[in-house]
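Trainee: For reference, this is upload-v6.pdb, and it has PDB, C-alpha atoms.
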ATOM      1  CA  MET F  70      90.088 128.782  97.525  1.00  0.00           C
ATOM      2  CA  LYS F  71      92.326 129.294 100.572  1.00  0.00           C
ATOM      3  CA  ILE F  72      90.150 127.014 102.674  1.00  0.00           C
ATOM      4  CA  ALA F  73      90.109 124.315  99.983  1.00  0.00           C
ATOM      5  CA  THR F  74      93.893 124.490  99.733  1.00  0.00           C
ATOM      6  CA  LEU F  75      94.234 124.283 103.513  1.00  0.00           C
ATOM      7  CA  VAL F  76      91.920 121.278 103.773  1.00  0.00           C
ATOM      8  CA  ALA F  77      93.604 119.545 100.823  1.00  0.00           C
ATOM      9  CA  ARG F  78      97.068 120.186 102.305  1.00  0.00           C
ATOM     10  CA  LEU F  79      96.100 118.783 105.691  1.00  0.00           C
ATOM     11  CA  LEU F  80      94.332 115.738 104.250  1.00  0.00           C
ATOM     12  CA  LEU F  81      97.201 115.005 101.884  1.00  0.00           C
ATOM     13  CA  GLY F  82      99.728 115.383 104.683  1.00  0.00           C
ATOM     14  CA  LEU F  83      97.746 113.122 106.989  1.00  0.00           C
ATOM     15  CA  ILE F  84      97.313 110.463 104.302  1.00  0.00           C
ATOM     16  CA  PHE F  85     101.013 110.350 103.516  1.00  0.00           C
ATOM     17  CA  VAL F  86     102.173 110.396 107.138  1.00  0.00           C
ATOM     18  CA  VAL F  87      99.801 107.564 108.071  1.00  0.00           C
ATOM     19  CA  PHE F  88     100.587 105.363 105.075  1.00  0.00           C
ATOM     20  CA  GLY F  89     104.294 106.176 105.269  1.00  0.00           C
ATOM     21  CA  LEU F  90     104.385 105.162 108.939  1.00  0.00           C
ATOM     22  CA  ASN F  91     102.453 102.032 108.019  1.00  0.00           C
ATOM     23  CA  GLY F  92     105.341 101.088 105.733  1.00  0.00           C
ATOM     24  CA  PHE F  93     107.554 100.832 108.818  1.00  0.00           C
ATOM     25  CA  LEU F  94     105.143  99.867 111.600  1.00  0.00           C
ATOM     26  CA  ASN F  95     102.498  97.773 109.761  1.00  0.00           C
ATOM     27  CA  PHE F  96      99.573  98.925 111.919  1.00  0.00           C
ATOM     28  CA  LEU F  97      97.058  98.870 109.024  1.00  0.00           C
ATOM     29  CA  SER F  98      96.056  95.602 107.437  1.00  0.00           C
ATOM     30  CA  MET F  99      96.727  95.895 103.718  1.00  0.00           C
ATOM     31  CA  GLY F 100      94.942  92.620 102.915  1.00  0.00           C
ATOM     32  CA  PRO F 101      96.398  89.701 101.016  1.00  0.00           C
ATOM     33  CA  MET F 102      99.301  90.138  98.626  1.00  0.00           C
ATOM     34  CA  PRO F 103      98.016  90.794  95.099  1.00  0.00           C
ATOM     35  CA  THR F 104      98.510  88.026  92.586  1.00  0.00           C
ATOM     36  CA  GLY F 105     100.260  88.054  89.245  1.00  0.00           C
ATOM     37  CA  LEU F 106     102.473  90.873  88.066  1.00  0.00           C
ATOM     38  CA  ALA F 107     101.163  93.266  90.742  1.00  0.00           C
ATOM     39  CA  GLY F 108     102.264  90.836  93.469  1.00  0.00           C
ATOM     40  CA  GLN F 109     105.655  90.403  91.868  1.00  0.00           C
ATOM     41  CA  PHE F 110     106.090  94.174  91.744  1.00  0.00           C
ATOM     42  CA  VAL F 111     105.167  94.607  95.410  1.00  0.00           C
ATOM     43  CA  GLY F 112     107.393  91.661  96.313  1.00  0.00           C
ATOM     44  CA  ALA F 113     110.337  93.246  94.511  1.00  0.00           C
ATOM     45  CA  LEU F 114     109.766  96.537  96.341  1.00  0.00           C
ATOM     46  CA  VAL F 115     109.699  94.791  99.703  1.00  0.00           C
ATOM     47  CA  LEU F 116     112.630  92.432  99.100  1.00  0.00           C
ATOM     48  CA  SER F 117     114.866  95.203  97.768  1.00  0.00           C
ATOM     49  CA  HIS F 118     113.913  97.488 100.711  1.00  0.00           C
ATOM     50  CA  TYR F 119     112.992 100.162  98.141  1.00  0.00           C
ATOM     51  CA  PHE F 120     109.600 100.214  99.859  1.00  0.00           C
ATOM     52  CA  TRP F 121     111.267 101.782 102.919  1.00  0.00           C
ATOM     53  CA  VAL F 122     112.668 104.608 100.796  1.00  0.00           C
ATOM     54  CA  VAL F 123     109.201 105.331  99.440  1.00  0.00           C
ATOM     55  CA  ALA F 124     107.725 105.191 102.955  1.00  0.00           C
ATOM     56  CA  ALA F 125     110.383 107.609 104.232  1.00  0.00           C
ATOM     57  CA  LEU F 126     109.605 110.036 101.391  1.00  0.00           C
ATOM     58  CA  GLN F 127     105.913 109.785 102.221  1.00  0.00           C
ATOM     59  CA  ILE F 128     106.565 110.585 105.886  1.00  0.00           C
ATOM     60  CA  ALA F 129     108.864 113.497 105.042  1.00  0.00           C
ATOM     61  CA  GLY F 130     106.495 115.014 102.477  1.00  0.00           C
ATOM     62  CA  GLY F 131     103.438 114.475 104.639  1.00  0.00           C
ATOM     63  CA  ALA F 132     105.103 115.990 107.703  1.00  0.00           C
ATOM     64  CA  LEU F 133     106.156 119.059 105.719  1.00  0.00           C
ATOM     65  CA  LEU F 134     102.582 119.489 104.512  1.00  0.00           C
ATOM     66  CA  LEU F 135     101.154 119.131 108.020  1.00  0.00           C
ATOM     67  CA  ALA F 136     103.690 121.599 109.416  1.00  0.00           C
ATOM     68  CA  ASN F 137     103.041 124.023 106.535  1.00  0.00           C
ATOM     69  CA  ARG F 138     106.792 124.344 106.023  1.00  0.00           C
ATOM     70  CA  PHE F 139     108.522 123.970 102.660  1.00  0.00           C
ATOM     71  CA  VAL F 140     105.229 123.006 101.001  1.00  0.00           C
ATOM     72  CA  PRO F 141     106.667 123.260  97.453  1.00  0.00           C
ATOM     73  CA  LEU F 142     109.434 120.835  98.485  1.00  0.00           C
ATOM     74  CA  ALA F 143     106.819 118.486  99.914  1.00  0.00           C
ATOM     75  CA  LEU F 144     104.925 118.594  96.616  1.00  0.00           C
ATOM     76  CA  VAL F 145     108.127 117.804  94.725  1.00  0.00           C
ATOM     77  CA  LEU F 146     108.857 114.855  97.027  1.00  0.00           C
ATOM     78  CA  LEU F 147     105.335 113.459  96.827  1.00  0.00           C
ATOM     79  CA  GLY F 148     104.745 114.016  93.099  1.00  0.00           C
ATOM     80  CA  PRO F 149     106.778 111.006  91.892  1.00  0.00           C
ATOM     81  CA  VAL F 150     105.286 108.817  94.619  1.00  0.00           C
ATOM     82  CA  ILE F 151     101.794 109.724  93.411  1.00  0.00           C
ATOM     83  CA  VAL F 152     102.745 109.063  89.785  1.00  0.00           C
ATOM     84  CA  ASN F 153     104.005 105.606  90.745  1.00  0.00           C
ATOM     85  CA  VAL F 154     100.855 104.877  92.763  1.00  0.00           C
ATOM     86  CA  ILE F 155      98.682 105.906  89.819  1.00  0.00           C
ATOM     87  CA  CYS F 156     100.713 103.837  87.345  1.00  0.00           C
ATOM     88  CA  TYR F 157     100.577 100.817  89.669  1.00  0.00           C
ATOM     89  CA  HIS F 158      96.799 101.026  89.921  1.00  0.00           C
ATOM     90  CA  VAL F 159      96.220 101.773  86.240  1.00  0.00           C
ATOM     91  CA  PHE F 160      98.540  99.114  84.820  1.00  0.00           C
ATOM     92  CA  LEU F 161      98.789  96.407  87.498  1.00  0.00           C
ATOM     93  CA  ASN F 162      96.014  96.523  90.105  1.00  0.00           C
ATOM     94  CA  PRO F 163      92.945  98.659  89.254  1.00  0.00           C
ATOM     95  CA  SER F 164      91.219  97.931  92.577  1.00  0.00           C
ATOM     96  CA  GLY F 165      92.736 100.941  94.357  1.00  0.00           C
ATOM     97  CA  ALA F 166      92.377 103.470  91.571  1.00  0.00           C
ATOM     98  CA  VAL F 167      89.757 105.598  93.354  1.00  0.00           C
ATOM     99  CA  PRO F 168      91.891 106.451  96.421  1.00  0.00           C
ATOM    100  CA  ALA F 169      94.822 107.134  94.073  1.00  0.00           C
ATOM    101  CA  ALA F 170      92.633 109.542  92.102  1.00  0.00           C
ATOM    102  CA  VAL F 171      91.535 111.293  95.311  1.00  0.00           C
ATOM    103  CA  VAL F 172      95.162 111.755  96.388  1.00  0.00           C
ATOM    104  CA  THR F 173      95.975 113.116  92.930  1.00  0.00           C
ATOM    105  CA  VAL F 174      93.161 115.660  93.112  1.00  0.00           C
ATOM    106  CA  LEU F 175      94.284 116.750  96.588  1.00  0.00           C
ATOM    107  CA  TRP F 176      97.859 117.147  95.307  1.00  0.00           C
ATOM    108  CA  LEU F 177      96.640 119.210  92.346  1.00  0.00           C
ATOM    109  CA  ILE F 178      94.633 121.503  94.643  1.00  0.00           C
ATOM    110  CA  VAL F 179      97.665 122.143  96.847  1.00  0.00           C
ATOM    111  CA  PHE F 180      99.863 122.576  93.769  1.00  0.00           C
ATOM    112  CA  TYR F 181      97.435 125.129  92.347  1.00  0.00           C
ATOM    113  CA  GLY F 182      97.603 127.068  95.612  1.00  0.00           C
ATOM    114  CA  LYS F 183     101.417 127.143  95.422  1.00  0.00           C
ATOM    115  CA  ARG F 184     101.719 127.519  91.639  1.00  0.00           C
ATOM    116  CA  GLN F 185     103.693 130.769  91.900  1.00  0.00           C
ATOM    117  CA  TYR F 186     106.637 128.803  93.325  1.00  0.00           C
ATOM    118  CA  PHE F 187     106.712 126.582  90.243  1.00  0.00           C
ATOM    119  CA  SER F 188     106.267 129.290  87.617  1.00  0.00           C
ATOM    120  CA  GLY F 189     109.958 129.248  86.670  1.00  0.00           C
ATOM    121  CA  ILE F 190     109.867 125.688  85.388  1.00  0.00           C
ATOM    122  CA  PHE F 191     107.016 126.465  83.000  1.00  0.00           C
ATOM    123  CA  VAL F 192     108.803 129.350  81.238  1.00  0.00           C
ATOM    124  CA  GLN F 193     110.162 128.562  77.809  1.00  0.00           C
ATOM    125  CA  ARG F 194     113.720 129.757  77.406  1.00  0.00           C
ATOM    126  CA  THR F 195     115.072 130.748  74.004  1.00  0.00           C
TER     127      THR F 195
END
What do you get writing this file as structure tokens?
Mentor:
Amino acid sequence: MKIATLVARLLLGLIFVVFGLNGFLNFLSMGPMPTGLAGQFVGALVLSHYFWVVAALQIAGGALLLANRFVPLALVLLGPVIVNVICYHVFLNPSGAVPAAVVTVLWLIVFYGKRQYFSGIFVQRT
């Protein structure tokens, strides 16, 4: 399980660093802008510069994962980004749902390896 967690952590970190940097440097072709509501959503993210905030969070979380430092913090930073990616692909643009599912599985593997750091939030208080 340690090797699976290591591989998942490195892959997840690499994915988020590359796609986060792409948000600033545009070195990967993302294809044409989606049409309809999905295009409007992406347009709003770009025009409001909120997309840069998401890209910065991706770079920060991915770098922490690659450096193996503050991994629980990296998971906390990347969790909401992954939820938004999944929701975007489920509700607006199903074409990228498979890579989103792969990223989710990688995140869950890393989370499982670091579950002891999150045990306090799953305890019911009376």
Trainee: Closest to Leu79 (chain F) among F:Leu142, F:Leu133, F:Ile190, F:Ala166, using all atoms listed in the file?
Mentor: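 Result for the nearest residue to Leu79 (chain F): F:Leu133.
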Trainee: To one decimal place, how far is CA of Leu144 (chain F) from CA of Ala113 (chain F) in Å?
Mentor: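 Atom-to-atom, CA of Leu144 (chain F) to CA of Ala113 (chain F), that is 26.0 Å.
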Trainee: I'd like the contact shell of Ala107 (chain F) - 12 Å cut-off, only C-alpha atoms, skipping same-chain residues fewer than 2 positions apart - returned as a list of chain:residue names.
Mentor: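 With the cut-off at 12 Å, the set is F:Pro101, F:Met102, F:Pro103, F:Thr104, F:Gly105, F:Gln109, F:Phe110, F:Val111, F:Gly112, F:Ala113, F:Leu114, F:Val154, F:Cys156, F:Tyr157, F:His158, F:Val159, F:Phe160, F:Leu161, F:Asn162, F:Pro163, F:Ser164, F:Gly165.
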Trainee: For the residues selected in the previous step, produce a file with C-alpha atoms as a short mmCIF file (atom, residue, chain, number, x, y, z; two decimals), in the frame of the given file.
Mentor:
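Once everything was written out, this is part-v1.cif:
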data_model
loop_
_atom_site.label_atom_id
_atom_site.label_comp_id
_atom_site.auth_asym_id
_atom_site.auth_seq_id
_atom_site.Cartn_x
_atom_site.Cartn_y
_atom_site.Cartn_z
CA PRO F 101 96.40 89.70 101.02
CA MET F 102 99.30 90.14 98.63
CA PRO F 103 98.02 90.79 95.10
CA THR F 104 98.51 88.03 92.59
CA GLY F 105 100.26 88.05 89.24
CA GLN F 109 105.66 90.40 91.87
CA PHE F 110 106.09 94.17 91.74
CA VAL F 111 105.17 94.61 95.41
CA GLY F 112 107.39 91.66 96.31
CA ALA F 113 110.34 93.25 94.51
CA LEU F 114 109.77 96.54 96.34
CA VAL F 154 100.86 104.88 92.76
CA CYS F 156 100.71 103.84 87.34
CA TYR F 157 100.58 100.82 89.67
CA HIS F 158 96.80 101.03 89.92
CA VAL F 159 96.22 101.77 86.24
CA PHE F 160 98.54 99.11 84.82
CA LEU F 161 98.79 96.41 87.50
CA ASN F 162 96.01 96.52 90.10
CA PRO F 163 92.94 98.66 89.25
CA SER F 164 91.22 97.93 92.58
CA GLY F 165 92.74 100.94 94.36
#
Trainee: Spell out the residues picked by the PyMOL selection byres ((chain F and resi 128) around 8) here, as a list in words.
Mentor: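 With the PyMOL selection byres ((chain F and resi 128) around 8) on this model, the match is Phe85, Val86, Val87, Phe88, Gly89, Leu90, Ala124, Ala125, Leu126, Gln127, Ala129, Gly130, Gly131 and Ala132 of chain F.
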Trainee: Using all atoms listed in the file, find the one residue out of F:Val140, F:Ile72, F:Ser98, F:Ala77 that sits nearest to Val174 (chain F).
Mentor: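 Closest candidate: F:Ala77.
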Trainee: Name the residues in contact with Met70 (chain F) at a cut-off of 10 Å, using only C-alpha atoms, excluding same-chain residues fewer than 2 positions from it; report them as a PyMOL selection string.
Mentor: chain F and resi 72-76+178+181-182
Trainee: Generate the output file for the selected residues, C-alpha atoms, as an mmCIF file, in the coordinates of the input.
Mentor:
data_model
loop_
_atom_site.group_PDB
_atom_site.id
_atom_site.type_symbol
_atom_site.label_atom_id
_atom_site.label_comp_id
_atom_site.auth_asym_id
_atom_site.auth_seq_id
_atom_site.Cartn_x
_atom_site.Cartn_y
_atom_site.Cartn_z
ATOM 1 C CA ILE F 72 90.150 127.014 102.674
ATOM 2 C CA ALA F 73 90.109 124.315 99.983
ATOM 3 C CA THR F 74 93.893 124.490 99.733
ATOM 4 C CA LEU F 75 94.234 124.283 103.513
ATOM 5 C CA VAL F 76 91.920 121.278 103.773
ATOM 6 C CA ILE F 178 94.633 121.503 94.643
ATOM 7 C CA TYR F 181 97.435 125.129 92.347
ATOM 8 C CA GLY F 182 97.603 127.068 95.612
#
Trainee: Do you know which residues the PyMOL selection byres ((chain F and resi 176) around 9) returns on this file, as a PyMOL selection string?
Mentor: chain F and resi 77-78+81+144+147-148+151+171-175+177-181
Trainee: Out of F:Leu106, F:Gly92, F:Leu97, F:Asn153, which residue has the shortest atom-to-atom distance to His118 (chain F) when counting all atoms listed in the file?
Mentor: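 Among F:Leu106, F:Gly92, F:Leu97, F:Asn153, it is F:Gly92 that comes nearest to His118 (chain F).
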Trainee: CA of Val150 (chain F) and CA of Lys183 (chain F), how far apart in Å?
Mentor: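 Computing the Euclidean distance for CA of Lys183 (chain F) and CA of Val150 (chain F) yields 18.7 Å.
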Trainee: Could you tell me which of F:Ala170, F:Ala136, F:Ala143, F:Leu94 comes closest to Ile155 (chain F) if we count only C-alpha atoms?
Mentor: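 Ranked by minimum distance to Ile155 (chain F), first place goes to F:Ala170.
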Trainee: Rounded to one decimal place, report the CA of Leu146 (chain F)-CA of Gln185 (chain F) distance in Å.
Mentor: 17.5 Å
Trainee: Counting only C-alpha atoms, which residue out of F:Phe96, F:Ile84, F:Leu134, F:Thr195 sits closest to Pro168 (chain F)?
Mentor: F:Ile84
Trainee: Kindly write C-alpha atoms of region 72-195 of chain F from the structure just given to a file, as a tab-separated table (two decimals), in the first residue's frame.
Mentor:
chain	number	residue	atom	x	y	z
F	72	ILE	CA	4.07	2.05	-2.98
F	73	ALA	CA	0.55	2.72	-4.28
F	74	THR	CA	0.30	5.78	-2.05
F	75	LEU	CA	3.70	7.01	-3.23
F	76	VAL	CA	2.84	6.56	-6.90
F	77	ALA	CA	-0.59	8.17	-6.44
F	78	ARG	CA	0.95	11.12	-4.57
F	79	LEU	CA	3.56	11.73	-7.25
F	80	LEU	CA	1.09	11.38	-10.13
F	81	LEU	CA	-1.43	13.64	-8.44
F	82	GLY	CA	1.24	16.22	-7.69
F	83	LEU	CA	2.54	16.14	-11.24
F	84	ILE	CA	-0.95	16.46	-12.72
F	85	PHE	CA	-1.80	19.48	-10.59
F	86	VAL	CA	1.53	21.24	-11.09
F	87	VAL	CA	1.36	20.81	-14.87
F	88	PHE	CA	-2.27	21.87	-15.24
F	89	GLY	CA	-1.86	24.66	-12.69
F	90	LEU	CA	1.14	26.04	-14.60
F	91	ASN	CA	-0.88	25.71	-17.80
F	92	GLY	CA	-3.41	28.11	-16.29
F	93	PHE	CA	-0.71	30.79	-16.29
F	94	LEU	CA	1.54	29.83	-19.20
F	95	ASN	CA	-0.91	28.19	-21.67
F	96	PHE	CA	1.59	25.63	-23.00
F	97	LEU	CA	-1.05	22.89	-23.46
F	98	SER	CA	-3.75	23.27	-26.06
F	99	MET	CA	-7.08	22.87	-24.30
F	100	GLY	CA	-9.04	22.76	-27.57
F	101	PRO	CA	-11.95	24.99	-28.50
F	102	MET	CA	-14.05	26.71	-25.86
F	103	PRO	CA	-17.03	24.52	-24.91
F	104	THR	CA	-20.42	25.72	-26.04
F	105	GLY	CA	-23.53	26.45	-24.03
F	106	LEU	CA	-23.58	26.70	-20.27
F	107	ALA	CA	-20.16	25.03	-19.92
F	108	GLY	CA	-18.61	27.74	-22.11
F	109	GLN	CA	-20.32	30.47	-20.15
F	110	PHE	CA	-19.00	28.99	-16.91
F	111	VAL	CA	-15.43	28.81	-18.22
F	112	GLY	CA	-15.77	32.32	-19.64
F	113	ALA	CA	-16.89	33.65	-16.26
F	114	LEU	CA	-13.92	31.98	-14.55
F	115	VAL	CA	-11.49	33.51	-17.02
F	116	LEU	CA	-13.02	37.00	-17.13
F	117	SER	CA	-13.23	37.26	-13.35
F	118	HIS	CA	-9.62	36.00	-12.98
F	119	TYR	CA	-10.94	33.36	-10.56
F	120	PHE	CA	-9.26	30.84	-12.86
F	121	TRP	CA	-5.87	32.17	-11.71
F	122	VAL	CA	-6.77	31.53	-8.07
F	123	VAL	CA	-7.67	27.94	-8.91
F	124	ALA	CA	-4.45	27.54	-10.91
F	125	ALA	CA	-2.40	28.90	-8.01
F	126	LEU	CA	-4.07	26.44	-5.61
F	127	GLN	CA	-3.32	23.62	-8.03
F	128	ILE	CA	0.36	24.60	-8.21
F	129	ALA	CA	0.65	24.95	-4.43
F	130	GLY	CA	-1.08	21.64	-3.69
F	131	GLY	CA	0.77	19.79	-6.42
F	132	ALA	CA	4.15	21.15	-5.31
F	133	LEU	CA	3.47	20.12	-1.71
F	134	LEU	CA	2.60	16.62	-2.89
F	135	LEU	CA	5.73	16.36	-5.03
F	136	ALA	CA	7.91	17.62	-2.19
F	137	ASN	CA	6.20	15.27	0.28
F	138	ARG	CA	5.77	18.18	2.69
F	139	PHE	CA	2.49	19.08	4.37
F	140	VAL	CA	0.66	16.39	2.39
F	141	PRO	CA	-2.55	16.70	4.48
F	142	LEU	CA	-2.59	20.44	3.71
F	143	ALA	CA	-2.12	19.68	0.02
F	144	LEU	CA	-5.08	17.29	0.14
F	145	VAL	CA	-7.20	19.97	1.82
F	146	LEU	CA	-6.22	22.52	-0.84
F	147	LEU	CA	-6.87	20.16	-3.74
F	148	GLY	CA	-10.08	18.57	-2.44
F	149	PRO	CA	-12.40	21.48	-3.35
F	150	VAL	CA	-10.69	21.87	-6.73
F	151	ILE	CA	-11.38	18.21	-7.48
F	152	VAL	CA	-15.00	18.53	-6.35
F	153	ASN	CA	-15.47	21.48	-8.71
F	154	VAL	CA	-13.82	19.61	-11.59
F	155	ILE	CA	-16.10	16.62	-11.00
F	156	CYS	CA	-19.22	18.79	-10.77
F	157	TYR	CA	-18.24	20.65	-13.96
F	158	HIS	CA	-17.84	17.40	-15.88
F	159	VAL	CA	-20.94	15.74	-14.43
F	160	PHE	CA	-23.32	18.68	-14.85
F	161	LEU	CA	-21.90	20.79	-17.69
F	162	ASN	CA	-19.39	18.95	-19.89
F	163	PRO	CA	-19.28	15.13	-19.57
F	164	SER	CA	-16.46	14.76	-22.11
F	165	GLY	CA	-13.69	14.98	-19.50
F	166	ALA	CA	-15.28	12.84	-16.82
F	167	VAL	CA	-12.76	9.99	-17.10
F	168	PRO	CA	-9.65	12.06	-16.26
F	169	ALA	CA	-11.62	13.70	-13.43
F	170	ALA	CA	-12.46	10.25	-12.07
F	171	VAL	CA	-8.80	9.18	-12.29
F	172	VAL	CA	-7.71	12.27	-10.34
F	173	THR	CA	-10.39	11.54	-7.75
F	174	VAL	CA	-9.19	7.96	-7.30
F	175	LEU	CA	-5.59	9.16	-6.94
F	176	TRP	CA	-6.69	11.71	-4.33
F	177	LEU	CA	-8.60	9.03	-2.42
F	178	ILE	CA	-5.56	6.73	-2.41
F	179	VAL	CA	-3.34	9.48	-0.99
F	180	PHE	CA	-6.06	10.45	1.49
F	181	TYR	CA	-6.34	6.84	2.66
F	182	GLY	CA	-2.59	6.77	3.24
F	183	LYS	CA	-2.82	9.93	5.39
F	184	ARG	CA	-6.17	9.16	7.04
F	185	GLN	CA	-4.72	9.33	10.56
F	186	TYR	CA	-4.23	13.08	10.12
F	187	PHE	CA	-7.93	13.54	9.39
F	188	SER	CA	-9.30	11.27	12.11
F	189	GLY	CA	-10.27	14.21	14.33
F	190	ILE	CA	-12.82	15.57	11.89
F	191	PHE	CA	-14.66	12.25	11.74
F	192	VAL	CA	-15.22	11.98	15.52
F	193	GLN	CA	-18.71	12.76	16.70
F	194	ARG	CA	-18.70	15.11	19.65
F	195	THR	CA	-21.49	15.02	22.23
